[in-house]
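Accompanying notes for the structure given below.
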Amino acid sequence: MDNRYREELDRIRLTDESKGTLIHALAARRSAPERRSRRTPLRRLAALAACVCLVLGLMNYPAIAAGAERVFRYILGVGAAETSASLLVQGEGISHEDGDFLYLIDGAYQRDGVLTVPLDVVSRNWISDEEEVQLSYRLTIYSAGGEKLTQVEPVGDGTGEGFRAAGAQPYDLRSFETTSDWLSQTYQPQGYVSGGSGWHMAAVPQGESGPYTFEVDAYTSDGWWRGTVWKGGVLELDTPRAVETAQASRAFAEGTVTALVGADGRSVSFYGELSPLLARQGETLIQLSVPTVWFVDERGNRYPCDQLRWSFSEVFWPEFRLAEQTEGEIVAIEVNDIYFNIVRTDQPQDSPQRQYMPDYNDLGWVIDLT
Amino acid sequence: MESQRAEYLVHTYADAILRIGYTWLGDMDDAKDICQTVLIGLLEDGRTFPDVGQERAWVVRCAVNACKNWKKSAWFRRRAPLEEGLHLSAEMPEPGESPLLEQVNALPPKYRQVLYLRYYEGYQVKEIAELLGQSPALVSTHLARARAKLRQRLEGSCYDG
């Protein structure tokens, strides 16, 4: 099929006129005098900026203040967390089986008046080969006194409307055949064949520390309620216990990225700190992404692992946990790609210069654990 | 100089990146955004390679990574790589003009991707596995299933396996 496929695919091409337009735009962009950003403004920026403000405002996160030294520790399931943070974390993970589906909550935590709950969904059902299934889940949480907590959703739904009124979060349930993340590595051996992850947030009254009760409702992608899939769940939080870690850092033009590696080498979390100069200029790192790392064992085998969750940096820093059995001890972790997502708070919310996303590829950063 | 570099990159790689974007994401508008994003990255990176083959491999890798990120993060989906007013047009085969491509495009992304890398770029299974972060065994499985599905769908036509 080689030639025929190639010939047919070759017929997809940009028009000559578009290529001319593209060359002109690229050359103009390249020669522009003010080019702090390596990436350009976001679409529907105003709505997204509102989301960011909600996150930063609601959670009262300490800004990455110029000159302020921040000390981090590694909480398994949460990732990097500042030692100064007022933090309560979930101890043991909890789960609930509903038919072919298994629901898991592991790594929930409460910080500065906001409860963040990651919810994983795995299924024994094959995802259709023809389409990937998207469901939405809503997590309704009640305080110890039975008061329903207000759900907050800082991430827009991609339509630019900002917030999802119902509080349901979309989940992409993907076949484990196509993923190599912690979820698939952990649950595929147990007979689960697909799954997805998301996270939910709720504002908690001052002084509230649980235990919380909750229920999970499922919706189809077009908004139809499918049913309550987890009733009477109880979520208990406790003071956190940090993982003993080894630490390695790498400097970039925008700041420093630090890896906190669990003592057995099978888990790692990253956090980023902007350079003092950028921080003084009012810039804030809202997202640090490390899409994939490779765990390397003493025999040289490389085990790819995807980021556990994607979200704002201060909600979850990138974390990786290797669930796969290895032939030998893990002796190194390789990192090739790192992405920063930075907001310039000195720019108006509707300014195209407000947000930029420098990225680094082919880093070849090897964290030696020997 | 910059203009020459931009011209070289667009003429050499824009179509290839567009095809990767379309194959990965299944949407021509997203593919155009990927095309812009990757070209900006290539232009800013400015690295040189000893030969065209290595350069192309790097471009393919950048494009594949851009597509993976596009799919993974809502943030990355909302990027408008160049100014809002830049509307690119692409030529596409009319319906019925490219029966094999139409069937390939109807396959799930995981199958389209391995087919592209194997049969368009000519990569070996080990290279595809490395690029996609998957095991060679899984890549082989996907290739076999993709070919089987194509064979099934094109039965009676001139599919030559």
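Ligands are numbered from 1 in the order shown, chains are lettered A, B, ... in the order of the structure tokens, and residues start at 1 in each chain.
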Contacts of range 133-136 of chain B at 12 Å (only C-alpha atoms; same-chain gap of 2+ positions) as a PyMOL selection string:
(chain A and resi 176-181+291-295+301-306+336) or (chain B and resi 61+64-65+68+110+114+124-131+138-143)
Dump of N, CA and C atoms for the selected residues, as an mmCIF file, in the first residue's frame:
data_model
loop_
_atom_site.group_PDB
_atom_site.id
_atom_site.type_symbol
_atom_site.label_atom_id
_atom_site.label_comp_id
_atom_site.auth_asym_id
_atom_site.auth_seq_id
_atom_site.Cartn_x
_atom_site.Cartn_y
_atom_site.Cartn_z
ATOM 1 N N PHE A 176 -6.392 1.250 26.979
ATOM 2 C CA PHE A 176 -5.073 1.127 27.590
ATOM 3 C C PHE A 176 -4.021 0.659 26.594
ATOM 4 N N GLU A 177 -4.472 0.163 25.458
ATOM 5 C CA GLU A 177 -3.505 -0.238 24.438
ATOM 6 C C GLU A 177 -2.714 0.952 23.923
ATOM 7 N N THR A 178 -3.321 2.110 23.978
ATOM 8 C CA THR A 178 -2.666 3.276 23.369
ATOM 9 C C THR A 178 -1.995 4.165 24.401
ATOM 10 N N THR A 179 -2.062 3.807 25.660
ATOM 11 C CA THR A 179 -1.472 4.673 26.671
ATOM 12 C C THR A 179 -0.421 3.912 27.473
ATOM 13 N N SER A 180 0.470 4.665 28.053
ATOM 14 C CA SER A 180 1.514 4.010 28.851
ATOM 15 C C SER A 180 1.619 4.709 30.198
ATOM 16 N N ASP A 181 0.498 5.205 30.682
ATOM 17 C CA ASP A 181 0.547 5.974 31.918
ATOM 18 C C ASP A 181 0.349 5.078 33.142
ATOM 19 N N PRO A 291 5.485 16.121 29.494
ATOM 20 C CA PRO A 291 4.547 15.122 28.980
ATOM 21 C C PRO A 291 4.925 13.684 29.308
ATOM 22 N N THR A 292 6.200 13.362 29.125
ATOM 23 C CA THR A 292 6.631 11.970 29.294
ATOM 24 C C THR A 292 8.022 11.937 29.919
ATOM 25 N N VAL A 293 8.237 10.976 30.785
ATOM 26 C CA VAL A 293 9.615 10.696 31.214
ATOM 27 C C VAL A 293 9.892 9.221 30.947
ATOM 28 N N TRP A 294 11.155 8.894 30.943
ATOM 29 C CA TRP A 294 11.543 7.488 30.796
ATOM 30 C C TRP A 294 12.291 7.071 32.065
ATOM 31 N N PHE A 295 11.796 6.025 32.691
ATOM 32 C CA PHE A 295 12.515 5.430 33.809
ATOM 33 C C PHE A 295 13.489 4.412 33.213
ATOM 34 N N ASN A 301 17.086 -0.857 30.250
ATOM 35 C CA ASN A 301 15.717 -0.826 29.715
ATOM 36 C C ASN A 301 15.095 0.535 30.023
ATOM 37 N N ARG A 302 14.385 1.069 29.056
ATOM 38 C CA ARG A 302 13.735 2.369 29.234
ATOM 39 C C ARG A 302 12.220 2.167 29.277
ATOM 40 N N TYR A 303 11.588 2.711 30.299
ATOM 41 C CA TYR A 303 10.144 2.543 30.482
ATOM 42 C C TYR A 303 9.466 3.904 30.370
ATOM 43 N N PRO A 304 8.739 4.143 29.276
ATOM 44 C CA PRO A 304 8.076 5.441 29.146
ATOM 45 C C PRO A 304 6.915 5.557 30.123
ATOM 46 N N CYS A 305 6.671 6.755 30.595
ATOM 47 C CA CYS A 305 5.584 6.972 31.544
ATOM 48 C C CYS A 305 5.021 8.371 31.298
ATOM 49 N N ASP A 306 3.713 8.452 31.179
ATOM 50 C CA ASP A 306 3.080 9.740 30.925
ATOM 51 C C ASP A 306 2.774 10.464 32.227
ATOM 52 N N ASN A 336 12.901 14.677 28.238
ATOM 53 C CA ASN A 336 13.232 15.311 26.954
ATOM 54 C C ASN A 336 12.455 16.589 26.684
ATOM 55 N N ARG B 61 9.455 14.438 14.469
ATOM 56 C CA ARG B 61 9.341 14.276 15.925
ATOM 57 C C ARG B 61 8.689 15.504 16.567
ATOM 58 N N VAL B 64 4.990 15.413 15.702
ATOM 59 C CA VAL B 64 4.275 14.375 16.469
ATOM 60 C C VAL B 64 4.099 14.824 17.924
ATOM 61 N N ASN B 65 5.156 15.379 18.500
ATOM 62 C CA ASN B 65 5.052 15.863 19.885
ATOM 63 C C ASN B 65 4.026 16.978 20.004
ATOM 64 N N LYS B 68 0.680 15.399 20.053
ATOM 65 C CA LYS B 68 0.396 14.726 21.328
ATOM 66 C C LYS B 68 -0.007 15.756 22.374
ATOM 67 N N LYS B 110 -4.827 5.758 16.595
ATOM 68 C CA LYS B 110 -3.647 4.928 16.873
ATOM 69 C C LYS B 110 -3.212 4.147 15.638
ATOM 70 N N VAL B 114 0.430 4.908 13.180
ATOM 71 C CA VAL B 114 1.479 3.928 12.846
ATOM 72 C C VAL B 114 1.555 3.700 11.344
ATOM 73 N N GLN B 124 11.087 2.230 10.784
ATOM 74 C CA GLN B 124 11.024 0.864 11.278
ATOM 75 C C GLN B 124 10.184 0.827 12.570
ATOM 76 N N VAL B 125 9.742 -0.377 12.907
ATOM 77 C CA VAL B 125 8.865 -0.514 14.075
ATOM 78 C C VAL B 125 9.533 0.022 15.346
ATOM 79 N N LYS B 126 10.820 -0.273 15.501
ATOM 80 C CA LYS B 126 11.517 0.202 16.696
ATOM 81 C C LYS B 126 11.554 1.726 16.748
ATOM 82 N N GLU B 127 11.735 2.338 15.586
ATOM 83 C CA GLU B 127 11.773 3.806 15.539
ATOM 84 C C GLU B 127 10.393 4.391 15.873
ATOM 85 N N ILE B 128 9.360 3.746 15.364
ATOM 86 C CA ILE B 128 7.997 4.214 15.653
ATOM 87 C C ILE B 128 7.706 4.090 17.149
ATOM 88 N N ALA B 129 8.128 2.962 17.708
ATOM 89 C CA ALA B 129 7.891 2.739 19.136
ATOM 90 C C ALA B 129 8.554 3.825 19.971
ATOM 91 N N GLU B 130 9.771 4.146 19.594
ATOM 92 C CA GLU B 130 10.502 5.185 20.336
ATOM 93 C C GLU B 130 9.801 6.533 20.205
ATOM 94 N N LEU B 131 9.371 6.818 19.004
ATOM 95 C CA LEU B 131 8.732 8.113 18.733
ATOM 96 C C LEU B 131 7.406 8.251 19.476
ATOM 97 N N LEU B 138 3.552 -3.446 20.742
ATOM 98 C CA LEU B 138 2.270 -2.764 20.575
ATOM 99 C C LEU B 138 2.185 -2.109 19.196
ATOM 100 N N VAL B 139 3.285 -1.527 18.772
ATOM 101 C CA VAL B 139 3.294 -0.904 17.441
ATOM 102 C C VAL B 139 3.025 -1.967 16.373
ATOM 103 N N SER B 140 3.680 -3.112 16.512
ATOM 104 C CA SER B 140 3.466 -4.196 15.537
ATOM 105 C C SER B 140 2.009 -4.636 15.534
ATOM 106 N N THR B 141 1.436 -4.728 16.730
ATOM 107 C CA THR B 141 0.027 -5.122 16.833
ATOM 108 C C THR B 141 -0.862 -4.111 16.126
ATOM 109 N N HIS B 142 -0.601 -2.847 16.379
ATOM 110 C CA HIS B 142 -1.423 -1.806 15.741
ATOM 111 C C HIS B 142 -1.263 -1.828 14.225
ATOM 112 N N LEU B 143 -0.049 -2.044 13.778
ATOM 113 C CA LEU B 143 0.172 -2.108 12.328
ATOM 114 C C LEU B 143 -0.601 -3.281 11.721
#
Identify which of the residues B:Lys149, B:Ile40, B:Tyr123, B:Pro50 lies closest to chain A, counting only C-alpha atoms when measuring atom-to-atom distances.
B:Ile40
Quick one: residues within 9 Å of Arg147 in chain B, only C-alpha atoms, excluding same-chain residues fewer than 4 positions away - as an MDAnalysis selection string?
chainID B and resid 111 115 142:143 151:152 161
Take the residues just selected and output them with N, CA and C atoms as a compact mmCIF listing (two decimals), in the first residue's frame.
# COMPACT_ATOMS: atom_id res chain seq x y z
N TYR B 111 -4.19 3.75 14.82
CA TYR B 111 -3.86 3.01 13.61
C TYR B 111 -3.36 3.94 12.50
N LEU B 115 0.40 3.76 10.67
CA LEU B 115 0.43 3.60 9.20
C LEU B 115 1.22 4.74 8.57
N HIS B 142 -0.60 -2.85 16.38
CA HIS B 142 -1.42 -1.81 15.74
C HIS B 142 -1.26 -1.83 14.22
N LEU B 143 -0.05 -2.04 13.78
CA LEU B 143 0.17 -2.11 12.33
C LEU B 143 -0.60 -3.28 11.72
N ARG B 151 -7.71 -4.06 4.85
CA ARG B 151 -7.95 -5.15 3.88
C ARG B 151 -9.44 -5.51 3.85
N GLN B 152 -10.00 -5.57 5.07
CA GLN B 152 -11.42 -5.90 5.20
C GLN B 152 -12.29 -4.84 4.50
N GLY B 161 -2.42 -5.01 -0.15
CA GLY B 161 -1.81 -5.48 1.09
C GLY B 161 -0.60 -4.69 1.44
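Picture a line from CA of Thr284 in chain A to CA of Thr83 in chain A; it runs 19.5 Å.
Among A:Val234, A:Val117, A:Leu173, A:Leu183, the residue with the shortest atom-to-atom distance to Arg321 in chain A, counting only C-alpha atoms, is A:Leu183.
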Using only C-alpha atoms, which residue out of B:Leu42, B:Ala63, B:Ala6, B:Ala137 lies closest to chain A?
B:Ala6
Mind listing the helix (DSSP H, G or I) residues of range 28-139 of chain B, per DSSP on the backbone, as a ChimeraX atom specification?
/B:28-45,52-72,74-77,99-105,109-120,125-132,136-139
Neighbours of range 244-259 of chain A within 10 Å (only C-alpha atoms; same-chain residues fewer than 6 positions away dropped), as number ranges by chain?
A: 72-75, 80, 265, 267-279, 283, 285, 288, 318-319, 333, 338, 340, 342, 358, 360, 365-369
Would you mind exporting N, CA and C atoms of the selected residues as a compact mmCIF listing (two decimals), in the first residue's frame?
# COMPACT_ATOMS: atom_id res chain seq x y z
N PHE A 72 9.90 22.94 48.81
CA PHE A 72 8.91 21.96 48.39
C PHE A 72 9.21 20.59 48.98
N ARG A 73 8.15 19.83 49.13
CA ARG A 73 8.30 18.42 49.49
C ARG A 73 7.42 17.64 48.51
N TYR A 74 7.60 16.35 48.51
CA TYR A 74 6.89 15.51 47.55
C TYR A 74 5.85 14.69 48.31
N ILE A 75 4.59 14.95 47.99
CA ILE A 75 3.50 14.17 48.56
C ILE A 75 3.00 13.24 47.46
N ALA A 80 4.57 17.85 43.99
CA ALA A 80 5.33 18.80 44.79
C ALA A 80 4.36 19.74 45.50
N GLY A 265 13.12 5.49 43.26
CA GLY A 265 13.32 5.89 41.87
C GLY A 265 12.12 5.66 40.99
N SER A 267 9.08 7.00 41.28
CA SER A 267 8.14 8.12 41.21
C SER A 267 8.92 9.42 41.19
N VAL A 268 8.36 10.39 40.50
CA VAL A 268 9.04 11.68 40.42
C VAL A 268 7.99 12.77 40.22
N SER A 269 8.24 13.90 40.85
CA SER A 269 7.39 15.06 40.64
C SER A 269 8.29 16.25 40.30
N PHE A 270 7.78 17.13 39.47
CA PHE A 270 8.54 18.30 39.07
C PHE A 270 7.83 19.56 39.54
N TYR A 271 8.59 20.57 39.87
CA TYR A 271 8.00 21.88 40.06
C TYR A 271 8.90 22.93 39.42
N GLY A 272 8.31 24.05 39.12
CA GLY A 272 9.07 25.10 38.44
C GLY A 272 9.02 26.40 39.22
N GLU A 273 10.08 27.15 39.11
CA GLU A 273 10.12 28.48 39.71
C GLU A 273 10.65 29.45 38.67
N LEU A 274 9.91 30.51 38.46
CA LEU A 274 10.36 31.50 37.51
C LEU A 274 11.61 32.20 38.02
N SER A 275 12.37 32.72 37.09
CA SER A 275 13.55 33.48 37.49
C SER A 275 13.11 34.71 38.28
N PRO A 276 13.93 35.18 39.19
CA PRO A 276 13.57 36.37 39.96
C PRO A 276 13.21 37.55 39.05
N LEU A 277 13.91 37.65 37.93
CA LEU A 277 13.63 38.77 37.02
C LEU A 277 12.20 38.70 36.50
N LEU A 278 11.81 37.54 36.02
CA LEU A 278 10.45 37.40 35.49
C LEU A 278 9.42 37.59 36.60
N ALA A 279 9.72 37.05 37.77
CA ALA A 279 8.78 37.20 38.89
C ALA A 279 8.61 38.67 39.24
N GLU A 283 5.34 38.17 36.26
CA GLU A 283 4.98 36.98 35.51
C GLU A 283 4.73 35.81 36.48
N LEU A 285 4.02 31.54 36.69
CA LEU A 285 4.00 30.23 36.03
C LEU A 285 2.72 29.51 36.41
N LEU A 288 3.24 23.93 34.29
CA LEU A 288 4.50 23.31 33.88
C LEU A 288 4.14 21.91 33.39
N PRO A 318 3.49 18.32 37.75
CA PRO A 318 3.62 17.05 37.02
C PRO A 318 4.17 15.94 37.91
N GLU A 319 3.51 14.81 37.87
CA GLU A 319 3.97 13.67 38.66
C GLU A 319 3.92 12.41 37.81
N ILE A 333 16.38 8.70 35.39
CA ILE A 333 15.14 9.18 34.78
C ILE A 333 15.52 10.17 33.69
N ILE A 338 9.90 19.80 28.04
CA ILE A 338 9.34 20.59 29.14
C ILE A 338 8.64 21.81 28.54
N PHE A 340 6.54 25.42 29.51
CA PHE A 340 6.10 26.42 30.49
C PHE A 340 4.86 27.12 29.95
N ILE A 342 3.11 30.65 30.92
CA ILE A 342 3.39 31.80 31.79
C ILE A 342 2.41 32.94 31.50
N PRO A 358 6.76 29.08 26.43
CA PRO A 358 8.04 28.57 25.93
C PRO A 358 8.10 27.05 26.07
N TYR A 360 10.64 23.42 25.46
CA TYR A 360 11.98 22.87 25.26
C TYR A 360 11.84 21.41 24.88
N TRP A 365 17.82 15.45 29.33
CA TRP A 365 18.12 15.65 30.76
C TRP A 365 18.04 14.28 31.44
N VAL A 366 19.16 13.82 31.91
CA VAL A 366 19.22 12.52 32.60
C VAL A 366 19.44 12.76 34.09
N ILE A 367 18.50 12.31 34.88
CA ILE A 367 18.62 12.44 36.33
C ILE A 367 19.23 11.14 36.85
N ASP A 368 20.46 11.22 37.25
CA ASP A 368 21.20 10.04 37.66
C ASP A 368 20.87 9.71 39.12
N LEU A 369 20.43 8.49 39.37
CA LEU A 369 20.00 8.12 40.72
C LEU A 369 21.01 7.20 41.42
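Between Thr345 in chain A and the residues A:Gln307, A:Gln281, A:Ser197, A:Ser289, the shortest atom-to-atom distance, using only C-alpha atoms, involves A:Gln281.
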DSSP-assigned strand (DSSP E or B) members of range 74-284 of chain A, reported as a PyMOL selection string
chain A and resi 74-75+79-82+87-90+94-98+101-105+109-111+114-123+133-142+148+150-152+168-175+194-203+212-220+225-235+237-238+243+245-252+255-262+267-274+283-284
CA of Asn361 in chain A to CA of Val59 in chain B: how many Å, to one decimal?
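A separation of 11.4 Å between them.
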Given only C-alpha atoms as the basis, pick out the residue of B:Val60, B:Val10, B:Ala144, B:Ile20 nearest to chain A.
B:Val10
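Nearest residue to chain B among A:Tyr339, A:Phe320, A:Tyr137, A:Phe214 is A:Tyr339, counting only C-alpha atoms.
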So which residues touch Pro109 in chain B within 8 Å, counting only C-alpha atoms, skipping near sequence neighbours fewer than 5 positions away, as an MDAnalysis selection string?
chainID B and resid 23:26
So what do you get for CA of Arg6 in chain A versus CA of Val52 in chain B, distance-wise?
19.3 Å
I want to know what sits within 10 Å of Pro99 in chain B, based on only C-alpha atoms, with residues of the same chain fewer than 2 positions away left out; could you give that as number ranges by chain?
A: 4-5, 8; B: 93, 95-97, 101-105, 154, 157, 159
Report as a list in words all protein, DNA and RNA residues lying within 6 Å of range 322-325 of chain A, evaluated on only C-alpha atoms, omitting residues in the same chain fewer than 6 positions from it.
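Residues near the query, excluding close chain neighbours: Trp182, Gln185, Thr186 and Arg266 of chain A.
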Please, could you write that set of residues out with N, CA and C atoms as an mmCIF file, in the first residue's frame?
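And here is the file that came out, again24.cif:
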data_model
loop_
_atom_site.group_PDB
_atom_site.id
_atom_site.type_symbol
_atom_site.label_atom_id
_atom_site.label_comp_id
_atom_site.auth_asym_id
_atom_site.auth_seq_id
_atom_site.Cartn_x
_atom_site.Cartn_y
_atom_site.Cartn_z
ATOM 1 N N TRP A 182 0.368 5.737 34.286
ATOM 2 C CA TRP A 182 0.264 4.999 35.536
ATOM 3 C C TRP A 182 -1.043 4.217 35.614
ATOM 4 N N GLN A 185 -0.832 1.163 33.341
ATOM 5 C CA GLN A 185 0.157 0.206 33.839
ATOM 6 C C GLN A 185 -0.355 -0.506 35.092
ATOM 7 N N THR A 186 -1.142 0.216 35.900
ATOM 8 C CA THR A 186 -1.632 -0.365 37.139
ATOM 9 C C THR A 186 -2.829 -1.280 36.905
ATOM 10 N N ARG A 266 11.030 5.169 41.553
ATOM 11 C CA ARG A 266 9.884 4.795 40.720
ATOM 12 C C ARG A 266 8.799 5.876 40.696
#
